[in-house]
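A.B. asks: Here's a structure for you.
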Amino acid sequence: MVTLCQLISPKHAFRFKNRLRAFDATIIKLCLKLFPWAKYRQRKGAIKLHTSYEYGGQIPSFLNITDGKTHEIRVAREFEFEADSIAVFDRGYIDFPWFYSIHQKLAYWLTRAKRNMSYVIVRNPVHSLPPLSPTARRRGILKDQVIRITGRRAKDLPIELRLITYYDAEKKERFRYLTNIFQLSAWTVVQIYKARWEIELFFKWIKQHLKIKTFLGTSENAVYTQIWIAMITYLLLAYIKHTMKSKLSLLQIHRLIRENLFERKRLVELLQMSKHQLNEKQQPIKSMCQQLNLDF
């Protein structure tokens with residue numbers, strides 16, 4: 001299903017052609033009394049979904065289910081990186097020897113820098129010589145520097161890196177991004193990391209709409225099977241959307257199919273319904289959910 005979706009899904013919105021994906025993990029909490037095999041803490045149970053999320057097509061291309069104690073970096077080391085691909089991580093994935101191994105595969109990575117990182121400034125990137133352009137400063141780019149890691153960690157990542165300092169006026173917060181990407185502008189690098197939040201929305205979506213927080217069985221196999229079914233369902237919805245080039249969201253397609261399971265209608269007919277017809281069809285169900293205080 002992943003392969004089929006990748007063949008027909010649209011490319012990411014950026015101008016460059018590199019493959020772009022984000023890596024992250026999410027916790028699914030379980031009752032320890034019902035799921036004793038999923039012990040996470042002394043009185044809590046949980047499992048963790050480790051995911052690689054494609055910016056293009058907005059689909060998961062890799063999934064590994066582990067116990068809640070497994071650290072993200074242990075699973076991340078299993079990922080395969082193609083040359084010229086770009087991977088985006090949060091600070092939970094910082095591991096300098098691993099970053100260096102990705103660099104040696106001629107791939108790129110992007111993450112947020114830790115506050116206590118020890119480094120020395122080497123120079124500024126060629127395409128953003130100081131001072132920064134007025135446009136860059138208006139966008140919030142404060143610094144764009146080439147650095148080298150110093151101290152005892154220097155041998156783990158013995159290459160020049162790029163450190164971009166960005167001020168988000170909306171959040172009123174300063175961010176520092178660390179990467180081995182030099183060919184893109186500082187603003188593009190910032191936008192790539194901002195788009196990483198799509199994977200957070202993906203986790204939220206599957207938890208709310210694909211029933212992976214309430215399980216039909218209590219065994220490890222039953223839980224894992226239900227999660228894999230949810231992932232296949234998500235990919236089927238994405239496949240329908242991309243194949244028919246529908247402008248409806250995945251949630252709208254999901255609701256249409258759910259509400260018409262026992263009607264003899266073709267998918268093409270359902271997806272060609274206008275938004276007005278769609279709202280009219282959903283209004284009775286929405287009103288009933290509101291009366292019962294259910295999430296529509």
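Each chain of the structure tokens is named A, B, ... in the order shown, its residues numbered from 1; ligands are numbered from 1 in display order.
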Quick one: residues within 9 Å of His12 in chain A, only C-alpha atoms counted, chain neighbours fewer than 3 positions away excluded, as a PyMOL selection string?

C.D. replies: chain A and resi 15-17+19-20+54-58

A.B. asks: Give me a file of those residues, with C-alpha atoms, as a PDB file, in the first residue's frame.

C.D. replies:
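This went into out06.pdb:
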```
ATOM      1  CA  ARG A  15      10.799  23.753  -5.007  1.00  0.00           C
ATOM      2  CA  PHE A  16      13.654  21.316  -4.518  1.00  0.00           C
ATOM      3  CA  LYS A  17      13.206  17.681  -5.619  1.00  0.00           C
ATOM      4  CA  ARG A  19      12.842  13.259  -0.926  1.00  0.00           C
ATOM      5  CA  LEU A  20      11.630  14.822   2.312  1.00  0.00           C
ATOM      6  CA  GLU A  54       6.507  11.505   3.851  1.00  0.00           C
ATOM      7  CA  TYR A  55       5.959  15.225   3.255  1.00  0.00           C
ATOM      8  CA  GLY A  56       4.813  14.400  -0.276  1.00  0.00           C
ATOM      9  CA  GLY A  57       1.407  12.747  -0.187  1.00  0.00           C
ATOM     10  CA  GLN A  58       1.302  13.000   3.627  1.00  0.00           C
TER      11      GLN A  58
END
```

A.B. asks: List every residue of range 152-237 of chain A that has an atom at most 9 Å from any atom of range 28-35 of chain A, giving for each one its closest atom pair and the distance in Å to one decimal, counting only C-alpha atoms, sorted by chain and then by ascending residue number, as JSON lines.

C.D. replies:
```
{"residue": "A:Lys207", "atom": "CA", "partner": "A:Ile28", "partner_atom": "CA", "distance": 8.6}
{"residue": "A:Ile212", "atom": "CA", "partner": "A:Ile28", "partner_atom": "CA", "distance": 8.0}
{"residue": "A:Lys213", "atom": "CA", "partner": "A:Ile28", "partner_atom": "CA", "distance": 6.7}
{"residue": "A:Thr214", "atom": "CA", "partner": "A:Leu30", "partner_atom": "CA", "distance": 8.7}
{"residue": "A:Thr218", "atom": "CA", "partner": "A:Phe35", "partner_atom": "CA", "distance": 5.8}
{"residue": "A:Ser219", "atom": "CA", "partner": "A:Phe35", "partner_atom": "CA", "distance": 7.0}
{"residue": "A:Glu220", "atom": "CA", "partner": "A:Phe35", "partner_atom": "CA", "distance": 7.8}
```

A.B. asks: Can you work out which one of A:Leu157, A:Met231, A:Ala76, A:Val223 has the shortest atom-to-atom distance to Phe99 in chain A, counting only C-alpha atoms?

C.D. replies: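 Looking at the shortest contact to Phe99 in chain A, the residue is A:Leu157.
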
A.B. asks: What are the nearest atom pairs, with distances in Å to one decimal, for all residues of range 77-134 of chain A that come at most 7 Å from range 141-148 of chain A, using only C-alpha atoms, set out by chain and rising residue number as JSON lines?

C.D. replies:
```
{"residue": "A:Tyr119", "atom": "CA", "partner": "A:Arg148", "partner_atom": "CA", "distance": 5.5}
{"residue": "A:Val120", "atom": "CA", "partner": "A:Arg148", "partner_atom": "CA", "distance": 5.5}
{"residue": "A:Ile121", "atom": "CA", "partner": "A:Ile147", "partner_atom": "CA", "distance": 4.4}
{"residue": "A:Val122", "atom": "CA", "partner": "A:Ile147", "partner_atom": "CA", "distance": 5.1}
{"residue": "A:Arg123", "atom": "CA", "partner": "A:Val146", "partner_atom": "CA", "distance": 5.1}
{"residue": "A:Asn124", "atom": "CA", "partner": "A:Gln145", "partner_atom": "CA", "distance": 4.6}
{"residue": "A:Pro125", "atom": "CA", "partner": "A:Val146", "partner_atom": "CA", "distance": 6.3}
```

A.B. asks: Name the residues of range 105-268 of chain A that come out as alpha helix (DSSP H) in a backbone DSSP run; write them as an NGL selection string.

C.D. replies: :A and (134-139 or 186-194 or 197-209 or 220-243 or 250-259 or 267-268)

A.B. asks: Identify, on the basis of only C-alpha atoms, every residue whose closest approach to Arg21 in chain A does not exceed 8 Å; exclude the query and any residue fewer than 6 positions from it along the same chain; express the result as a PyMOL selection string.

C.D. replies: chain A and resi 52-55+86-88

A.B. asks: Under the rule that only C-alpha atoms are counted, which of A:Gly45, A:Leu161, A:Ile253, A:Lys241 is the nearest residue to Thr179 in chain A?

C.D. replies: A:Leu161

A.B. asks: Give me the residues near Arg115 in chain A as an mmCIF file with C-alpha atoms, in the first residue's frame, where near means some atom within 10 Å (using only C-alpha atoms) and where sequence neighbours in that chain fewer than 2 positions away do not count.

C.D. replies:
```cif
data_model
loop_
_atom_site.group_PDB
_atom_site.id
_atom_site.type_symbol
_atom_site.label_atom_id
_atom_site.label_comp_id
_atom_site.auth_asym_id
_atom_site.auth_seq_id
_atom_site.Cartn_x
_atom_site.Cartn_y
_atom_site.Cartn_z
ATOM 1 C CA ARG A 112 16.950 21.652 16.562
ATOM 2 C CA ALA A 113 20.206 22.348 18.364
ATOM 3 C CA MET A 117 26.015 22.399 22.468
ATOM 4 C CA SER A 118 29.712 23.271 22.337
ATOM 5 C CA PHE A 175 14.914 28.658 17.681
ATOM 6 C CA ARG A 176 18.263 27.237 16.554
#
```

A.B. asks: Distance CA of Lys39 in chain A-CA of Thr70 in chain A, one decimal place?

C.D. replies: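 Answer for the CA of Lys39 in chain A to CA of Thr70 in chain A separation: 11.4 Å.
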
A.B. asks: Excluding same-chain residues fewer than 4 positions from Glu82 in chain A, what lies within 8 Å of it counting only C-alpha atoms, as a PyMOL selection string?

C.D. replies: chain A and resi 105-107

A.B. asks: Between CA of Phe96 in chain A and CA of Arg153 in chain A, measure the distance and give it in Å to one decimal.

C.D. replies: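 Between these atoms lies a distance of 7.7 Å.
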
A.B. asks: What does the distance from CA of Trp109 in chain A to CA of Leu178 in chain A come to in Å, to one decimal?

C.D. replies: 8.5 Å

A.B. asks: Using only C-alpha atoms, find the one residue out of A:Arg41, A:His209, A:Lys171, A:Lys245 that sits nearest to Ala230 in chain A.

C.D. replies: A:His209

A.B. asks: With only C-alpha atoms as the counted atoms, please give the residues lying no more than 8 Å from Val190 in chain A, apart from itself and same-chain residues fewer than 3 positions off, as a ChimeraX atom specification.

C.D. replies: /A:166,177,186-187,193-194

A.B. asks: May I ask which of the residues A:His50, A:Gln42, A:Val2, A:Arg139 is the closest one to Gln191 in chain A, counting only C-alpha atoms?

C.D. replies: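 The answer is A:Arg139, which sits nearest to Gln191 in chain A.
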
A.B. asks: Give me the residues within 12 Å of Ile257 in chain A as a list of chain:residue names, counting only C-alpha atoms and dropping any in the same chain fewer than 2 places off.

C.D. replies: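 Listed by chain and then number, they are A:Thr233, A:Leu236, A:Leu237, A:Ile240, A:Leu250, A:Leu251, A:Gln252, A:Ile253, A:His254, A:Arg255, A:Glu259, A:Asn260, A:Leu261, A:Phe262, A:Glu263, A:Arg264, A:Lys265, A:Arg266, A:Leu267, A:Val268, A:Glu269, A:Leu270, A:Leu271, A:Leu278, A:Gln282.
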
A.B. asks: What does the file look like for those residues with N, CA and C atoms, as a PDB file, in the first residue's frame?

C.D. replies:
```pdb
ATOM      1  N   THR A 233      -5.953   1.199   6.669  1.00  0.00           N
ATOM      2  CA  THR A 233      -7.129   2.038   6.400  1.00  0.00           C
ATOM      3  C   THR A 233      -6.719   3.439   5.986  1.00  0.00           C
ATOM      4  N   LEU A 236      -5.395   3.342   2.474  1.00  0.00           N
ATOM      5  CA  LEU A 236      -6.492   3.154   1.524  1.00  0.00           C
ATOM      6  C   LEU A 236      -7.209   4.470   1.256  1.00  0.00           C
ATOM      7  N   LEU A 237      -7.442   5.235   2.326  1.00  0.00           N
ATOM      8  CA  LEU A 237      -8.086   6.545   2.172  1.00  0.00           C
ATOM      9  C   LEU A 237      -7.212   7.482   1.336  1.00  0.00           C
ATOM     10  N   ILE A 240      -7.357   6.395  -2.337  1.00  0.00           N
ATOM     11  CA  ILE A 240      -8.608   6.847  -2.967  1.00  0.00           C
ATOM     12  C   ILE A 240      -8.538   8.332  -3.299  1.00  0.00           C
ATOM     13  N   LEU A 250      -9.119  13.823   3.933  1.00  0.00           N
ATOM     14  CA  LEU A 250      -9.186  12.410   4.316  1.00  0.00           C
ATOM     15  C   LEU A 250     -10.326  12.167   5.294  1.00  0.00           C
ATOM     16  N   LEU A 251     -10.580  13.130   6.178  1.00  0.00           N
ATOM     17  CA  LEU A 251     -11.653  12.981   7.148  1.00  0.00           C
ATOM     18  C   LEU A 251     -13.016  12.951   6.457  1.00  0.00           C
ATOM     19  N   GLN A 252     -13.213  13.818   5.457  1.00  0.00           N
ATOM     20  CA  GLN A 252     -14.473  13.837   4.724  1.00  0.00           C
ATOM     21  C   GLN A 252     -14.685  12.534   3.951  1.00  0.00           C
ATOM     22  N   ILE A 253     -13.617  12.024   3.337  1.00  0.00           N
ATOM     23  CA  ILE A 253     -13.708  10.748   2.618  1.00  0.00           C
ATOM     24  C   ILE A 253     -14.013   9.611   3.599  1.00  0.00           C
ATOM     25  N   HIS A 254     -13.365   9.654   4.750  1.00  0.00           N
ATOM     26  CA  HIS A 254     -13.587   8.644   5.781  1.00  0.00           C
ATOM     27  C   HIS A 254     -15.045   8.635   6.217  1.00  0.00           C
ATOM     28  N   ARG A 255     -15.622   9.804   6.438  1.00  0.00           N
ATOM     29  CA  ARG A 255     -17.020   9.894   6.864  1.00  0.00           C
ATOM     30  C   ARG A 255     -17.976   9.443   5.772  1.00  0.00           C
ATOM     31  N   GLU A 259     -20.523   6.304   6.256  1.00  0.00           N
ATOM     32  CA  GLU A 259     -21.967   6.527   6.238  1.00  0.00           C
ATOM     33  C   GLU A 259     -22.671   5.815   5.084  1.00  0.00           C
ATOM     34  N   ASN A 260     -21.910   5.374   4.083  1.00  0.00           N
ATOM     35  CA  ASN A 260     -22.521   4.753   2.904  1.00  0.00           C
ATOM     36  C   ASN A 260     -22.092   3.300   2.699  1.00  0.00           C
ATOM     37  N   LEU A 261     -21.654   2.657   3.774  1.00  0.00           N
ATOM     38  CA  LEU A 261     -21.162   1.286   3.664  1.00  0.00           C
ATOM     39  C   LEU A 261     -22.231   0.330   3.121  1.00  0.00           C
ATOM     40  N   PHE A 262     -23.496   0.560   3.475  1.00  0.00           N
ATOM     41  CA  PHE A 262     -24.562  -0.374   3.091  1.00  0.00           C
ATOM     42  C   PHE A 262     -25.404   0.158   1.931  1.00  0.00           C
ATOM     43  N   GLU A 263     -24.904   1.173   1.242  1.00  0.00           N
ATOM     44  CA  GLU A 263     -25.596   1.698   0.063  1.00  0.00           C
ATOM     45  C   GLU A 263     -24.827   1.286  -1.184  1.00  0.00           C
ATOM     46  N   ARG A 264     -25.580   0.958  -2.228  1.00  0.00           N
ATOM     47  CA  ARG A 264     -24.959   0.500  -3.479  1.00  0.00           C
ATOM     48  C   ARG A 264     -24.579   1.728  -4.312  1.00  0.00           C
ATOM     49  N   LYS A 265     -23.487   2.354  -3.931  1.00  0.00           N
ATOM     50  CA  LYS A 265     -22.985   3.536  -4.629  1.00  0.00           C
ATOM     51  C   LYS A 265     -21.511   3.347  -4.947  1.00  0.00           C
ATOM     52  N   ARG A 266     -21.112   3.861  -6.086  1.00  0.00           N
ATOM     53  CA  ARG A 266     -19.703   3.806  -6.457  1.00  0.00           C
ATOM     54  C   ARG A 266     -18.945   4.918  -5.744  1.00  0.00           C
ATOM     55  N   LEU A 267     -17.664   4.667  -5.498  1.00  0.00           N
ATOM     56  CA  LEU A 267     -16.838   5.681  -4.830  1.00  0.00           C
ATOM     57  C   LEU A 267     -16.795   6.974  -5.629  1.00  0.00           C
ATOM     58  N   VAL A 268     -16.782   6.859  -6.957  1.00  0.00           N
ATOM     59  CA  VAL A 268     -16.731   8.049  -7.811  1.00  0.00           C
ATOM     60  C   VAL A 268     -17.931   8.943  -7.550  1.00  0.00           C
ATOM     61  N   GLU A 269     -19.103   8.332  -7.406  1.00  0.00           N
ATOM     62  CA  GLU A 269     -20.323   9.101  -7.153  1.00  0.00           C
ATOM     63  C   GLU A 269     -20.246   9.809  -5.804  1.00  0.00           C
ATOM     64  N   LEU A 270     -19.726   9.108  -4.805  1.00  0.00           N
ATOM     65  CA  LEU A 270     -19.621   9.716  -3.474  1.00  0.00           C
ATOM     66  C   LEU A 270     -18.664  10.901  -3.480  1.00  0.00           C
ATOM     67  N   LEU A 271     -17.522  10.720  -4.113  1.00  0.00           N
ATOM     68  CA  LEU A 271     -16.496  11.763  -4.076  1.00  0.00           C
ATOM     69  C   LEU A 271     -16.833  12.948  -4.970  1.00  0.00           C
ATOM     70  N   LEU A 278     -22.663  17.383   0.621  1.00  0.00           N
ATOM     71  CA  LEU A 278     -21.952  16.702   1.697  1.00  0.00           C
ATOM     72  C   LEU A 278     -22.391  17.219   3.055  1.00  0.00           C
ATOM     73  N   GLN A 282     -24.442  15.197   6.077  1.00  0.00           N
ATOM     74  CA  GLN A 282     -23.822  15.002   7.380  1.00  0.00           C
ATOM     75  C   GLN A 282     -24.562  15.715   8.506  1.00  0.00           C
TER      76      GLN A 282
END
```

A.B. asks: DSSP says strand (DSSP E or B) for which residues of range 88-270 of chain A? Put them as JSON, numbers by chain?

C.D. replies: {"A": [88, 108, 109, 110, 111, 112, 119, 120, 121, 122, 123, 141, 142, 143, 144, 145, 146, 147, 148, 149, 161, 162, 163, 164, 165, 166, 167, 168, 173, 174, 175, 176, 177, 178, 179]}

A.B. asks: Keeping only C-alpha atoms, write the selected residues to a file as a compact mmCIF listing (two decimals), in the first residue's frame.

C.D. replies:
```
# COMPACT_ATOMS: atom_id res chain seq x y z
CA VAL A 88 13.85 15.98 9.85
CA TYR A 108 20.83 15.31 4.70
CA TRP A 109 19.34 15.82 8.14
CA LEU A 110 17.81 18.72 10.06
CA THR A 111 17.09 19.07 13.77
CA ARG A 112 16.95 21.65 16.56
CA TYR A 119 30.87 24.66 19.00
CA VAL A 120 33.07 27.22 17.24
CA ILE A 121 32.03 29.48 14.35
CA VAL A 122 34.01 28.81 11.16
CA ARG A 123 32.41 31.16 8.62
CA ILE A 141 16.45 34.95 10.36
CA LEU A 142 18.90 36.31 12.95
CA LYS A 143 22.04 34.28 12.17
CA ASP A 144 23.23 31.86 9.52
CA GLN A 145 26.59 30.36 10.47
CA VAL A 146 28.93 27.50 9.59
CA ILE A 147 30.22 25.80 12.74
CA ARG A 148 32.22 22.85 14.01
CA ILE A 149 31.43 20.83 17.11
CA LEU A 161 27.61 22.10 10.07
CA ARG A 162 25.15 24.89 9.56
CA LEU A 163 23.53 26.67 12.51
CA ILE A 164 20.54 28.91 11.77
CA THR A 165 19.04 31.15 14.46
CA TYR A 166 15.41 32.10 13.85
CA TYR A 167 13.00 34.29 15.80
CA ASP A 168 9.32 33.34 15.58
CA GLU A 173 10.47 32.48 20.78
CA ARG A 174 13.97 31.94 19.37
CA PHE A 175 14.91 28.66 17.68
CA ARG A 176 18.26 27.24 16.55
CA TYR A 177 18.41 24.69 13.74
CA LEU A 178 21.37 22.38 13.14
CA THR A 179 21.84 20.73 9.74
```

A.B. asks: From the list A:Gln208, A:Ser85, A:Gln6, A:Ser101, which residue is nearest Pro60 in chain A when using only C-alpha atoms?

C.D. replies: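 Residue with the minimum atom-to-atom distance to Pro60 in chain A: A:Gln6.
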